[in-house]
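Visitor: Just so it is clear, I am handing over model-v2.cif, which has mmCIF, C-alpha atoms.
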```cif
data_my_file
loop_
_atom_site.label_atom_id
_atom_site.label_comp_id
_atom_site.auth_asym_id
_atom_site.auth_seq_id
_atom_site.Cartn_x
_atom_site.Cartn_y
_atom_site.Cartn_z
CA MET N 1 0.00 0.00 0.00
CA SER N 2 1.47 3.32 -1.00
CA ALA N 3 0.97 6.80 0.38
CA GLU N 4 -1.32 7.58 -2.58
CA ASP N 5 -3.90 5.26 -1.08
CA VAL N 6 -4.24 7.51 1.95
CA VAL N 7 -4.66 11.23 1.43
CA LEU N 8 -5.36 13.72 4.20
CA LEU N 9 -6.85 17.10 3.39
CA ASP N 10 -5.18 19.10 6.10
CA CYS N 11 -4.46 22.42 7.76
CA TRP N 12 -1.38 22.63 10.00
CA VAL N 13 -3.04 24.65 12.74
CA SER N 14 -6.29 22.69 12.94
CA PRO N 15 -6.48 20.62 16.15
CA PHE N 16 -8.97 18.39 14.36
CA CYS N 17 -6.46 17.57 11.63
CA MET N 18 -3.84 16.90 14.31
CA ARG N 19 -6.07 14.14 15.68
CA VAL N 20 -6.04 12.29 12.39
CA LYS N 21 -2.32 12.74 11.79
CA ILE N 22 -1.45 11.40 15.23
CA ALA N 23 -3.76 8.41 14.70
CA LEU N 24 -2.13 7.61 11.35
CA GLU N 25 1.36 8.03 12.83
CA GLU N 26 0.46 5.74 15.75
CA LYS N 27 -0.62 3.07 13.27
CA GLY N 28 2.49 3.60 11.14
CA ILE N 29 0.40 4.40 8.06
CA GLN N 30 2.05 6.27 5.20
CA TYR N 31 -0.12 9.12 4.00
CA GLU N 32 -0.03 12.11 1.72
CA GLU N 33 -0.71 15.40 3.45
CA ARG N 34 -2.41 17.96 1.23
CA ALA N 35 -2.49 21.41 2.75
CA GLU N 36 -5.71 23.29 2.26
CA ASP N 37 -5.58 27.06 2.16
CA LEU N 38 -8.76 27.70 4.09
CA PHE N 39 -8.67 31.44 3.48
CA GLY N 40 -7.39 31.45 -0.08
CA GLY N 41 -9.95 29.08 -1.52
CA LYS N 42 -10.84 25.49 -0.86
CA SER N 43 -9.61 22.85 -3.29
CA GLU N 44 -11.89 21.02 -5.71
CA LEU N 45 -11.16 17.76 -3.86
CA LEU N 46 -12.23 19.25 -0.53
CA LEU N 47 -15.45 20.64 -1.98
CA THR N 48 -16.38 17.35 -3.64
CA SER N 49 -15.32 15.02 -0.85
CA ASN N 50 -16.93 17.00 1.97
CA PRO N 51 -19.77 18.89 0.27
CA ILE N 52 -21.84 19.17 3.44
CA TYR N 53 -19.36 20.83 5.77
CA THR N 54 -16.49 21.74 3.35
CA LYS N 55 -14.11 21.41 6.30
CA VAL N 56 -10.82 19.72 7.01
CA PRO N 57 -9.83 17.12 7.97
CA VAL N 58 -11.00 14.75 5.26
CA LEU N 59 -9.34 11.36 4.91
CA VAL N 60 -9.52 9.99 1.40
CA HIS N 61 -8.73 6.27 1.49
CA LYS N 62 -8.53 4.54 -1.89
CA GLY N 63 -10.62 7.38 -3.31
CA LYS N 64 -13.38 7.21 -0.68
CA PRO N 65 -13.75 10.20 1.67
CA VAL N 66 -14.30 10.01 5.43
CA CYS N 67 -15.23 13.26 7.22
CA GLU N 68 -15.43 14.54 10.82
CA SER N 69 -12.24 14.07 12.83
CA SER N 70 -13.57 11.80 15.61
CA ILE N 71 -15.24 9.60 13.00
CA ILE N 72 -12.01 9.51 10.97
CA VAL N 73 -9.99 8.42 14.02
CA GLY N 74 -12.56 5.65 14.63
CA TYR N 75 -12.29 4.63 10.97
CA VAL N 76 -8.48 4.54 11.16
CA ASP N 77 -8.71 2.39 14.30
CA GLU N 78 -11.12 -0.07 12.66
CA THR N 79 -9.30 -0.27 9.33
CA TRP N 80 -5.76 -0.77 10.68
CA ALA N 81 -5.99 -2.99 13.74
CA SER N 82 -2.64 -2.46 15.39
CA PRO N 83 -1.98 -0.92 17.82
CA PRO N 84 -5.59 -0.47 19.01
CA LEU N 85 -6.51 3.10 19.90
CA LEU N 86 -9.79 2.27 21.63
CA PRO N 87 -9.96 -0.19 24.53
CA SER N 88 -11.46 -3.62 23.91
CA SER N 89 -14.35 -3.78 26.38
CA PRO N 90 -17.64 -2.24 25.22
CA TYR N 91 -18.01 -0.33 28.50
CA ALA N 92 -14.51 1.18 28.34
CA ARG N 93 -15.13 2.06 24.68
CA ALA N 94 -18.39 3.79 25.61
CA GLN N 95 -16.57 5.79 28.31
CA ALA N 96 -13.89 6.83 25.80
CA LYS N 97 -16.50 7.88 23.24
CA PHE N 98 -18.41 9.80 25.92
CA GLN N 99 -15.30 11.73 26.94
CA ALA N 100 -14.36 12.40 23.30
CA ASP N 101 -17.90 13.64 22.68
CA TYR N 102 -17.66 16.01 25.68
CA ILE N 103 -14.33 17.35 24.42
CA ASP N 104 -15.80 17.78 20.92
CA LYS N 105 -18.75 19.71 22.26
CA LYS N 106 -16.97 21.89 24.80
CA LEU N 107 -13.21 22.39 24.59
CA PHE N 108 -12.51 24.16 21.30
CA ASP N 109 -15.54 26.48 21.53
CA ALA N 110 -14.73 27.40 25.14
CA GLY N 111 -11.20 28.29 24.08
CA SER N 112 -12.34 30.24 21.03
CA SER N 113 -14.60 32.37 23.23
CA ILE N 114 -11.51 33.60 25.06
CA TRP N 115 -9.89 35.28 22.07
CA ARG N 116 -13.16 36.41 20.56
CA THR N 117 -14.18 38.48 23.59
CA LYS N 118 -12.95 41.35 25.71
CA GLY N 119 -13.43 42.71 29.22
CA GLU N 120 -16.08 41.09 31.37
CA ALA N 121 -17.23 38.71 28.64
CA GLN N 122 -13.67 37.47 28.36
CA GLU N 123 -13.42 36.89 32.11
CA VAL N 124 -16.55 34.74 31.87
CA ALA N 125 -15.06 32.90 28.90
CA VAL N 126 -11.90 32.16 30.88
CA LYS N 127 -13.96 30.88 33.83
CA ASP N 128 -15.99 28.61 31.54
CA PHE N 129 -12.84 27.29 29.91
CA ILE N 130 -11.32 26.47 33.29
CA GLU N 131 -14.51 24.58 34.22
CA VAL N 132 -14.06 22.44 31.12
CA LEU N 133 -10.42 21.77 32.06
CA LYS N 134 -11.52 20.70 35.54
CA GLN N 135 -13.97 18.23 34.02
CA LEU N 136 -11.15 16.84 31.87
CA GLU N 137 -9.09 16.37 35.03
CA LYS N 138 -12.02 14.41 36.51
CA PHE N 139 -11.96 12.16 33.45
CA LEU N 140 -8.17 11.76 33.75
CA GLY N 141 -8.15 11.08 37.49
CA ASP N 142 -4.78 9.77 38.64
CA LYS N 143 -4.10 7.89 35.42
CA ASP N 144 -1.18 8.59 33.10
CA PHE N 145 -3.48 8.81 30.11
CA PHE N 146 -7.24 9.13 29.68
CA GLY N 147 -7.54 5.45 28.76
CA GLY N 148 -5.25 4.23 31.56
CA ASP N 149 -1.63 3.17 31.19
CA SER N 150 -1.36 3.67 27.47
CA PHE N 151 -1.86 6.56 25.06
CA GLY N 152 -5.15 6.09 23.22
CA PHE N 153 -8.30 7.48 21.64
CA VAL N 154 -9.21 10.22 24.10
CA ASP N 155 -5.59 11.41 24.34
CA ILE N 156 -5.49 11.64 20.53
CA ILE N 157 -8.79 13.56 20.47
CA THR N 158 -7.58 16.06 23.09
CA ILE N 159 -3.85 16.73 22.67
CA GLY N 160 -4.06 18.83 19.47
CA ILE N 161 -6.17 21.55 21.04
CA THR N 162 -3.53 22.04 23.75
CA SER N 163 -1.28 23.66 21.12
CA TRP N 164 -3.79 26.53 21.25
CA PHE N 165 -3.61 26.82 25.07
CA SER N 166 -0.69 29.22 25.01
CA ALA N 167 -2.72 31.60 22.83
CA TYR N 168 -5.71 31.31 25.20
CA GLU N 169 -3.42 31.97 28.18
CA ILE N 170 -1.95 35.12 26.63
CA PHE N 171 -5.31 36.54 25.56
CA GLY N 172 -7.10 35.53 28.75
CA ASN N 173 -4.27 36.34 31.13
CA PHE N 174 -4.26 33.06 33.02
CA LYS N 175 -2.17 29.90 33.23
CA VAL N 176 -3.61 26.43 32.62
CA GLU N 177 -1.07 24.97 35.05
CA ASP N 178 -2.44 27.06 37.93
CA HIS N 179 -5.94 25.63 37.53
CA ALA N 180 -5.36 22.19 36.04
CA PRO N 181 -1.92 20.89 37.10
CA LYS N 182 -2.76 17.24 36.37
CA LEU N 183 -3.81 18.15 32.86
CA SER N 184 -0.59 20.14 32.39
CA ALA N 185 1.40 17.08 33.45
CA TRP N 186 -0.59 14.97 30.99
CA ILE N 187 0.20 17.44 28.18
CA ASN N 188 3.93 17.15 28.91
CA ARG N 189 3.65 13.37 29.06
CA CYS N 190 1.99 13.24 25.63
CA MET N 191 4.52 15.62 24.09
CA GLN N 192 7.24 13.07 24.95
CA ARG N 193 5.68 10.76 22.42
CA LYS N 194 7.33 10.80 18.96
CA THR N 195 4.05 10.73 17.05
CA VAL N 196 2.69 13.68 19.02
CA ALA N 197 5.88 15.77 18.89
CA LYS N 198 5.97 15.26 15.12
CA VAL N 199 2.43 16.55 14.58
CA ILE N 200 1.83 19.27 17.20
CA PRO N 201 2.87 22.74 15.93
CA ASP N 202 4.88 25.28 17.92
CA PRO N 203 2.42 27.13 20.22
CA GLU N 204 4.20 30.39 19.31
CA LYS N 205 3.22 29.86 15.67
CA VAL N 206 -0.34 29.06 16.72
CA TYR N 207 -0.48 32.29 18.72
CA GLU N 208 0.67 34.29 15.67
CA PHE N 209 -1.97 32.52 13.61
CA VAL N 210 -4.70 33.46 16.09
CA ILE N 211 -3.57 37.10 16.06
CA ASN N 212 -3.99 37.15 12.27
CA LEU N 213 -7.27 35.29 12.50
CA LYS N 214 -8.57 37.84 15.00
CA LYS N 215 -7.65 40.67 12.61
CA MET N 216 -9.27 38.96 9.66
CA MET N 217 -12.46 38.23 11.54
CA GLY N 218 -12.62 41.77 12.91
CA PHE N 219 -12.20 40.84 16.57
CA GLU N 220 -9.89 43.64 17.64
CA MET J 221 -29.85 -13.18 29.44
CA SER J 222 -30.17 -14.28 33.03
CA GLY J 223 -28.19 -12.58 35.77
CA GLU J 224 -27.92 -9.37 33.80
CA SER J 225 -29.58 -6.18 34.82
CA VAL J 226 -30.41 -3.66 32.15
CA LYS J 227 -32.08 -0.43 33.18
CA LEU J 228 -33.06 2.53 31.00
CA LEU J 229 -33.60 5.94 32.56
CA GLY J 230 -35.81 7.79 30.14
CA TYR J 231 -38.63 10.21 29.58
CA TRP J 232 -41.73 9.26 27.59
CA ALA J 233 -41.54 12.36 25.38
CA SER J 234 -37.80 12.24 24.70
CA PRO J 235 -36.80 11.31 21.15
CA PHE J 236 -33.33 10.41 22.43
CA ALA J 237 -34.76 7.89 24.90
CA LEU J 238 -36.88 6.50 22.05
CA ARG J 239 -33.72 5.73 20.08
CA VAL J 240 -32.50 3.53 22.93
CA LYS J 241 -35.88 1.82 23.39
CA TRP J 242 -35.84 0.96 19.69
CA ALA J 243 -32.34 -0.51 19.89
CA LEU J 244 -33.19 -2.58 22.99
CA LYS J 245 -36.39 -3.86 21.35
CA LEU J 246 -34.63 -4.73 18.07
CA LYS J 247 -32.07 -6.74 20.05
CA GLU J 248 -34.87 -8.33 22.15
CA ILE J 249 -33.15 -7.26 25.36
CA GLU J 250 -35.23 -7.33 28.51
CA TYR J 251 -34.85 -4.20 30.53
CA GLN J 252 -36.35 -2.24 33.37
CA TYR J 253 -37.64 1.15 32.29
CA VAL J 254 -37.41 4.02 34.77
CA GLU J 255 -39.50 7.05 33.88
CA GLU J 256 -37.83 10.28 34.99
CA ASP J 257 -40.20 12.94 36.25
CA LEU J 258 -38.61 15.78 34.30
CA PRO J 259 -37.81 18.54 35.18
CA ASN J 260 -37.51 17.02 38.68
CA LYS J 261 -34.43 14.95 37.96
CA SER J 262 -33.96 12.02 40.30
CA PRO J 263 -30.85 11.59 42.47
CA LEU J 264 -30.29 8.38 40.50
CA LEU J 265 -30.10 10.27 37.20
CA LEU J 266 -27.77 12.87 38.65
CA ARG J 267 -25.53 10.12 40.01
CA TYR J 268 -25.47 8.17 36.76
CA ASN J 269 -24.99 11.16 34.46
CA PRO J 270 -23.27 13.88 36.49
CA VAL J 271 -21.73 15.55 33.41
CA HIS J 272 -24.87 16.22 31.36
CA LYS J 273 -27.61 15.39 33.89
CA ARG J 274 -30.03 14.19 31.23
CA VAL J 275 -31.80 11.15 29.84
CA PRO J 276 -31.38 8.66 28.35
CA VAL J 277 -28.94 6.70 30.50
CA LEU J 278 -28.50 2.96 30.08
CA VAL J 279 -27.37 1.19 33.25
CA HIS J 280 -25.98 -2.28 32.56
CA ASP J 281 -25.06 -4.30 35.66
CA GLY J 282 -24.80 -1.05 37.59
CA LYS J 283 -22.56 0.71 35.07
CA PRO J 284 -24.01 3.80 33.34
CA VAL J 285 -23.68 4.74 29.66
CA ALA J 286 -24.96 8.15 28.54
CA GLU J 287 -25.60 9.99 25.24
CA SER J 288 -28.05 8.19 22.95
CA LEU J 289 -25.78 7.49 19.97
CA ILE J 290 -23.03 6.24 22.27
CA ILE J 291 -25.58 4.00 23.99
CA LEU J 292 -26.61 2.60 20.60
CA GLU J 293 -23.00 1.66 19.84
CA TYR J 294 -22.60 0.14 23.30
CA ILE J 295 -25.74 -1.97 22.82
CA ASP J 296 -24.53 -3.09 19.39
CA GLU J 297 -21.11 -4.14 20.74
CA THR J 298 -22.45 -5.89 23.82
CA TRP J 299 -25.27 -7.86 22.17
CA LYS J 300 -24.02 -8.91 18.78
CA HIS J 301 -27.17 -10.44 17.23
CA ASN J 302 -29.42 -8.30 14.97
CA PRO J 303 -26.61 -5.84 14.22
CA ILE J 304 -27.44 -2.13 14.12
CA LEU J 305 -24.24 -0.76 12.60
CA PRO J 306 -22.79 -2.23 9.38
CA GLN J 307 -19.65 -4.40 9.57
CA ASP J 308 -17.50 -2.57 7.04
CA PRO J 309 -15.43 0.33 8.54
CA TYR J 310 -16.25 2.71 5.68
CA GLU J 311 -19.99 1.98 5.95
CA ARG J 312 -19.76 2.46 9.72
CA ALA J 313 -18.08 5.83 9.24
CA GLN J 314 -20.87 6.86 6.86
CA ALA J 315 -23.57 5.77 9.35
CA ARG J 316 -21.88 7.72 12.16
CA PHE J 317 -21.54 10.75 9.88
CA TRP J 318 -25.27 10.85 9.11
CA ALA J 319 -26.27 10.27 12.73
CA GLY J 320 -23.97 13.17 13.67
CA PHE J 321 -25.52 15.29 10.91
CA ILE J 322 -28.96 14.70 12.39
CA ASP J 323 -27.88 15.86 15.85
CA GLU J 324 -25.70 18.75 14.70
CA LYS J 325 -27.81 20.13 11.85
CA CYS J 326 -31.36 18.76 11.74
CA VAL J 327 -32.16 18.92 15.47
CA PRO J 328 -31.07 22.54 16.04
CA ALA J 329 -32.86 23.76 12.90
CA ILE J 330 -36.13 22.03 13.86
CA MET J 331 -35.82 23.31 17.44
CA SER J 332 -35.16 26.80 16.15
CA ALA J 333 -38.28 26.68 13.97
CA PHE J 334 -40.20 25.58 17.06
CA THR J 335 -38.90 28.21 19.47
CA ASN J 336 -38.77 31.27 17.22
CA GLN J 337 -41.38 33.40 15.54
CA GLY J 338 -41.74 35.49 12.41
CA GLU J 339 -38.74 35.79 10.14
CA GLU J 340 -36.43 33.81 12.45
CA LYS J 341 -38.91 30.94 12.37
CA GLU J 342 -39.17 30.91 8.58
CA LYS J 343 -35.39 31.06 8.22
CA ALA J 344 -34.99 28.10 10.58
CA ALA J 345 -37.69 26.12 8.79
CA LYS J 346 -35.96 26.68 5.46
CA GLU J 347 -32.67 25.47 6.92
CA ALA J 348 -34.42 22.42 8.39
CA ARG J 349 -35.94 21.57 5.00
CA GLU J 350 -32.54 21.88 3.32
CA ASN J 351 -30.95 19.64 5.94
CA LEU J 352 -33.69 17.04 5.57
CA LYS J 353 -33.28 17.15 1.80
CA THR J 354 -29.54 16.51 2.33
CA LEU J 355 -30.38 13.60 4.64
CA GLU J 356 -32.57 12.14 1.89
CA SER J 357 -29.50 11.83 -0.35
CA ALA J 358 -28.08 9.24 2.06
CA LEU J 359 -31.20 7.10 1.64
CA GLY J 360 -30.80 6.67 -2.10
CA GLY J 361 -33.37 4.19 -3.34
CA LYS J 362 -33.18 1.97 -0.26
CA ASP J 363 -36.11 1.05 1.98
CA PHE J 364 -34.11 2.02 5.05
CA PHE J 365 -30.82 3.82 5.68
CA GLY J 366 -29.60 0.45 6.91
CA GLY J 367 -30.54 -1.21 3.60
CA GLU J 368 -33.28 -3.82 3.68
CA THR J 369 -33.66 -3.58 7.44
CA VAL J 370 -33.60 -0.84 10.06
CA GLY J 371 -30.11 0.30 11.04
CA PHE J 372 -28.21 2.93 13.01
CA VAL J 373 -29.31 5.96 11.00
CA ASP J 374 -32.96 4.81 10.90
CA ILE J 375 -32.94 4.54 14.69
CA ALA J 376 -31.18 7.92 14.99
CA ALA J 377 -33.53 9.77 12.63
CA GLY J 378 -36.91 8.02 12.82
CA TRP J 379 -38.23 10.25 15.62
CA ILE J 380 -38.20 13.23 13.25
CA GLY J 381 -41.25 11.78 11.52
CA LEU J 382 -43.29 12.35 14.69
CA TRP J 383 -41.72 15.41 16.26
CA ALA J 384 -41.24 17.43 13.07
CA ARG J 385 -44.91 16.85 12.17
CA ASN J 386 -45.90 18.20 15.58
CA VAL J 387 -43.68 21.25 15.09
CA GLU J 388 -45.31 21.76 11.69
CA GLU J 389 -48.76 21.76 13.19
CA ILE J 390 -48.00 23.81 16.28
CA ALA J 391 -45.60 26.38 14.82
CA GLU J 392 -47.30 26.45 11.43
CA VAL J 393 -44.24 25.75 9.36
CA ASN J 394 -43.37 23.28 6.64
CA LEU J 395 -40.51 20.91 7.45
CA ILE J 396 -41.10 17.57 5.73
CA ASP J 397 -42.09 18.46 2.20
CA ALA J 398 -43.64 15.49 0.39
CA GLU J 399 -43.02 17.15 -2.97
CA THR J 400 -39.37 18.06 -2.59
CA MET J 401 -38.37 15.06 -0.45
CA PRO J 402 -40.62 12.19 -1.54
CA LEU J 403 -38.16 9.42 -0.63
CA LEU J 404 -37.60 10.74 2.90
CA ASN J 405 -41.32 11.27 3.32
CA ALA J 406 -42.01 7.66 2.32
CA TRP J 407 -39.23 6.45 4.62
CA PHE J 408 -40.77 8.26 7.63
CA GLY J 409 -43.99 6.35 7.07
CA ARG J 410 -42.11 3.08 6.69
CA VAL J 411 -39.90 3.42 9.76
CA LEU J 412 -42.66 4.52 12.14
CA GLU J 413 -44.85 1.63 10.99
CA ALA J 414 -42.07 -0.97 11.21
CA PRO J 415 -43.27 -3.82 13.53
CA VAL J 416 -40.93 -3.51 16.53
CA LEU J 417 -40.50 0.27 16.36
CA LYS J 418 -44.20 1.06 16.14
CA GLU J 419 -44.84 -0.37 19.63
CA CYS J 420 -42.43 2.01 21.37
CA VAL J 421 -43.62 5.24 19.82
CA PRO J 422 -45.36 7.54 22.36
CA PRO J 423 -49.11 8.14 21.88
CA ARG J 424 -49.43 10.80 19.19
CA ASP J 425 -52.19 12.88 20.77
CA LYS J 426 -50.44 12.94 24.13
CA LEU J 427 -47.17 13.97 22.48
CA LEU J 428 -48.82 16.70 20.45
CA GLU J 429 -50.44 18.19 23.56
CA HIS J 430 -47.14 17.95 25.44
CA ASN J 431 -45.26 19.73 22.64
CA ARG J 432 -48.04 22.29 22.35
CA GLY J 433 -47.74 23.03 26.07
CA PHE J 434 -44.02 23.58 25.68
CA HIS J 435 -44.57 25.87 22.74
CA LYS J 436 -46.94 28.07 24.75
CA ILE J 437 -44.29 28.50 27.43
CA LEU J 438 -41.52 29.21 24.94
CA THR J 439 -43.45 31.74 22.89
CA ALA J 440 -44.90 33.43 25.98
CA ALA J 441 -41.37 33.86 27.35
CA SER J 442 -40.14 35.57 24.19
CA SER J 443 -43.09 37.91 23.64
#
```
Spell out the structure here as structure tokens.
Guide:
Amino acid sequence: MSAEDVVLLDCWVSPFCMRVKIALEEKGIQYEERAEDLFGGKSELLLTSNPIYTKVPVLVHKGKPVCESSIIVGYVDETWASPPLLPSSPYARAQAKFQADYIDKKLFDAGSSIWRTKGEAQEVAVKDFIEVLKQLEKFLGDKDFFGGDSFGFVDIITIGITSWFSAYEIFGNFKVEDHAPKLSAWINRCMQRKTVAKVIPDPEKVYEFVINLKKMMGFE
Amino acid sequence: MSGESVKLLGYWASPFALRVKWALKLKEIEYQYVEEDLPNKSPLLLRYNPVHKRVPVLVHDGKPVAESLIILEYIDETWKHNPILPQDPYERAQARFWAGFIDEKCVPAIMSAFTNQGEEKEKAAKEARENLKTLESALGGKDFFGGETVGFVDIAAGWIGLWARNVEEIAEVNLIDAETMPLLNAWFGRVLEAPVLKECVPPRDKLLEHNRGFHKILTAASS
């Protein structure tokens, strides 16, 4: 199987794309990364393979598109068996999917609210974001990773967004470590992993990106 | 199966609880149904679903699973007969995509048409119709989204046939257009009349009155 069989429509700064890249790296799958210029104009392939949402990531495997990052990670796990990303017991799998669903629904939006607001609204946004982090710490407990002893599905779903934390901290004037030390330790633990270090961008670059995004969207 | 305890915390008027009832019935799983007296949530519910504090929650041998689509997958993986999801990974990804589309696009648009008035209402109804038309494309010429039999997406979306019709009547909007979405329209009839599913559907008159009551409160609050 060559890299042409697996194509990822990608954007370097998207935490959702990071999920898929980490999953593919964990499985040792060769893939072709095609950068989408989300502001310059979406490619023909993106528009035809994800007509409903026209968003990255899209995984195109042997010509067939799979959309929505959590669904793509599940697809990668089911298509290439080893090493498994989800646990084997149905109950543990349900817990992992529940936590991933919570993170999908809450984390990125809570973070976005921080740089999209000012003054009192921003203080509220920071508070809400910290509440989400505290819930993540509840999920993590005293474990090394969300799934237990090994890096897995929920870690993959979550780690990408942490590259945006530095930007949130600067805009919101707070430190994640002060409020969620266990989560901070988990972030450092994950960053030790080759697959993660390869994929996660420099938070400084993410911060610069968010500054430009703010300007473009008129949030000054 | 003997020695197993399966409990479902639900609410008679919840479409999300209905999804789980359908899955349990299709798998012929015996379970104890616990009706939550919403909005007075029981201590049991709050203990079993502290994060979202809502129904449905499936409790299997004392262990809780929450969020309807996640419960469906759990049921499918635990009891392997009468499969709900397809076997093939690509087909599974497609089924999950459409179920997600229903919750992320169809549900909010229908709710928005229900809770708003005037121009906002019409805008929401138009969006809902477009989303339902998109959903129809996944059906193709099949009897069910699952093919010849009811599957994951049928279970996820079937409730719309009841609830959307109530919203149409109460809010005076058009959501399911027989002319522009004939296949989806026919499918709604088929899925709600399917033998096992039909038995679990809440009484229509009671549901309509319940939804109507809600609508009065919502529109009174905004006027």
Visitor: Using only C-alpha atoms, I'd like every residue of chain N that has an atom within 10 Å of chain J; please write them out as a ChimeraX atom specification.
Guide: /N:52-53,61,64-68,70-80,89-99,101-102,135
Visitor: Residues at most 9 Å from Ala180 of chain N, counting all atoms listed in the file, excluding those fewer than 6 positions away in the same chain, as a PyMOL selection string?
Guide: chain N and resi 130+133-134+136-137
Visitor: Considering all atoms listed in the file, state which residue in the set J:Ala441, J:Leu244, J:Ala237, J:Ala377 is at the smallest distance from Pro303 of chain J.
Guide: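 That would be J:Leu244, the residue with the smallest distance to Pro303 of chain J.
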Visitor: Taking (-0.9, 14.1, 4.7) in the coordinates of the supplied file, I want to know which residues reach to within 6 Å of it, counting all atoms listed in the file; could you give the answer as a PDB file with C-alpha atoms, in the frame of the given file?
Guide:
```pdb
ATOM      1  CA  VAL N   7      -4.660  11.230   1.430  1.00  0.00           C
ATOM      2  CA  LEU N   8      -5.360  13.720   4.200  1.00  0.00           C
ATOM      3  CA  TYR N  31      -0.120   9.120   4.000  1.00  0.00           C
ATOM      4  CA  GLU N  32      -0.030  12.110   1.720  1.00  0.00           C
ATOM      5  CA  GLU N  33      -0.710  15.400   3.450  1.00  0.00           C
ATOM      6  CA  ARG N  34      -2.410  17.960   1.230  1.00  0.00           C
TER       7      ARG N  34
END
```
Visitor: (-24.8, -3.0, 10.4) in this file's frame - what residues fall within 8 Å of it? Use all atoms listed in the file and give the answer as a list in words.
Guide: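 Answer for this query, in the requested form: Pro303, Ile304, Leu305, Pro306, Gln307, Arg312, Gly366, Gly371 and Phe372 of chain J.
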Visitor: Atom CA of Asp178 of chain N and atom CA of Glu123 of chain N are how many Å apart?
Guide: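 So the two atoms, atom CA of Asp178 of chain N and atom CA of Glu123 of chain N, lie 15.8 Å apart.
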Visitor: Would you kindly return, as a VMD selection string, each protein, DNA or RNA residue with an atom no farther than 12 Å from any atom of Leu258 of chain J, considering only C-alpha atoms and excluding same-chain residues fewer than 3 positions away?
Guide: chain J and resid 229 to 234 254 to 255 261 to 262 265 273 to 276
Visitor: Choose the residue, out of N:Gly148, N:Gly218, N:Pro57, N:Gly111, that has the smallest atom-to-atom separation from Ser14 of chain N; count only C-alpha atoms.
Guide: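 For Ser14 of chain N, the nearest of the given residues is N:Pro57.
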Visitor: Just to confirm, what's the straight-line distance from atom CA of Pro235 of chain J to atom CA of Lys105 of chain N in Å (one decimal)?
Guide: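 If I compute the distance from atom CA of Pro235 of chain J to atom CA of Lys105 of chain N, I get 19.9 Å.
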Visitor: I'd like the interatomic distance between atom CA of Pro51 of chain N and atom CA of Val373 of chain J, to a tenth of an Å.
Guide: 19.3 Å
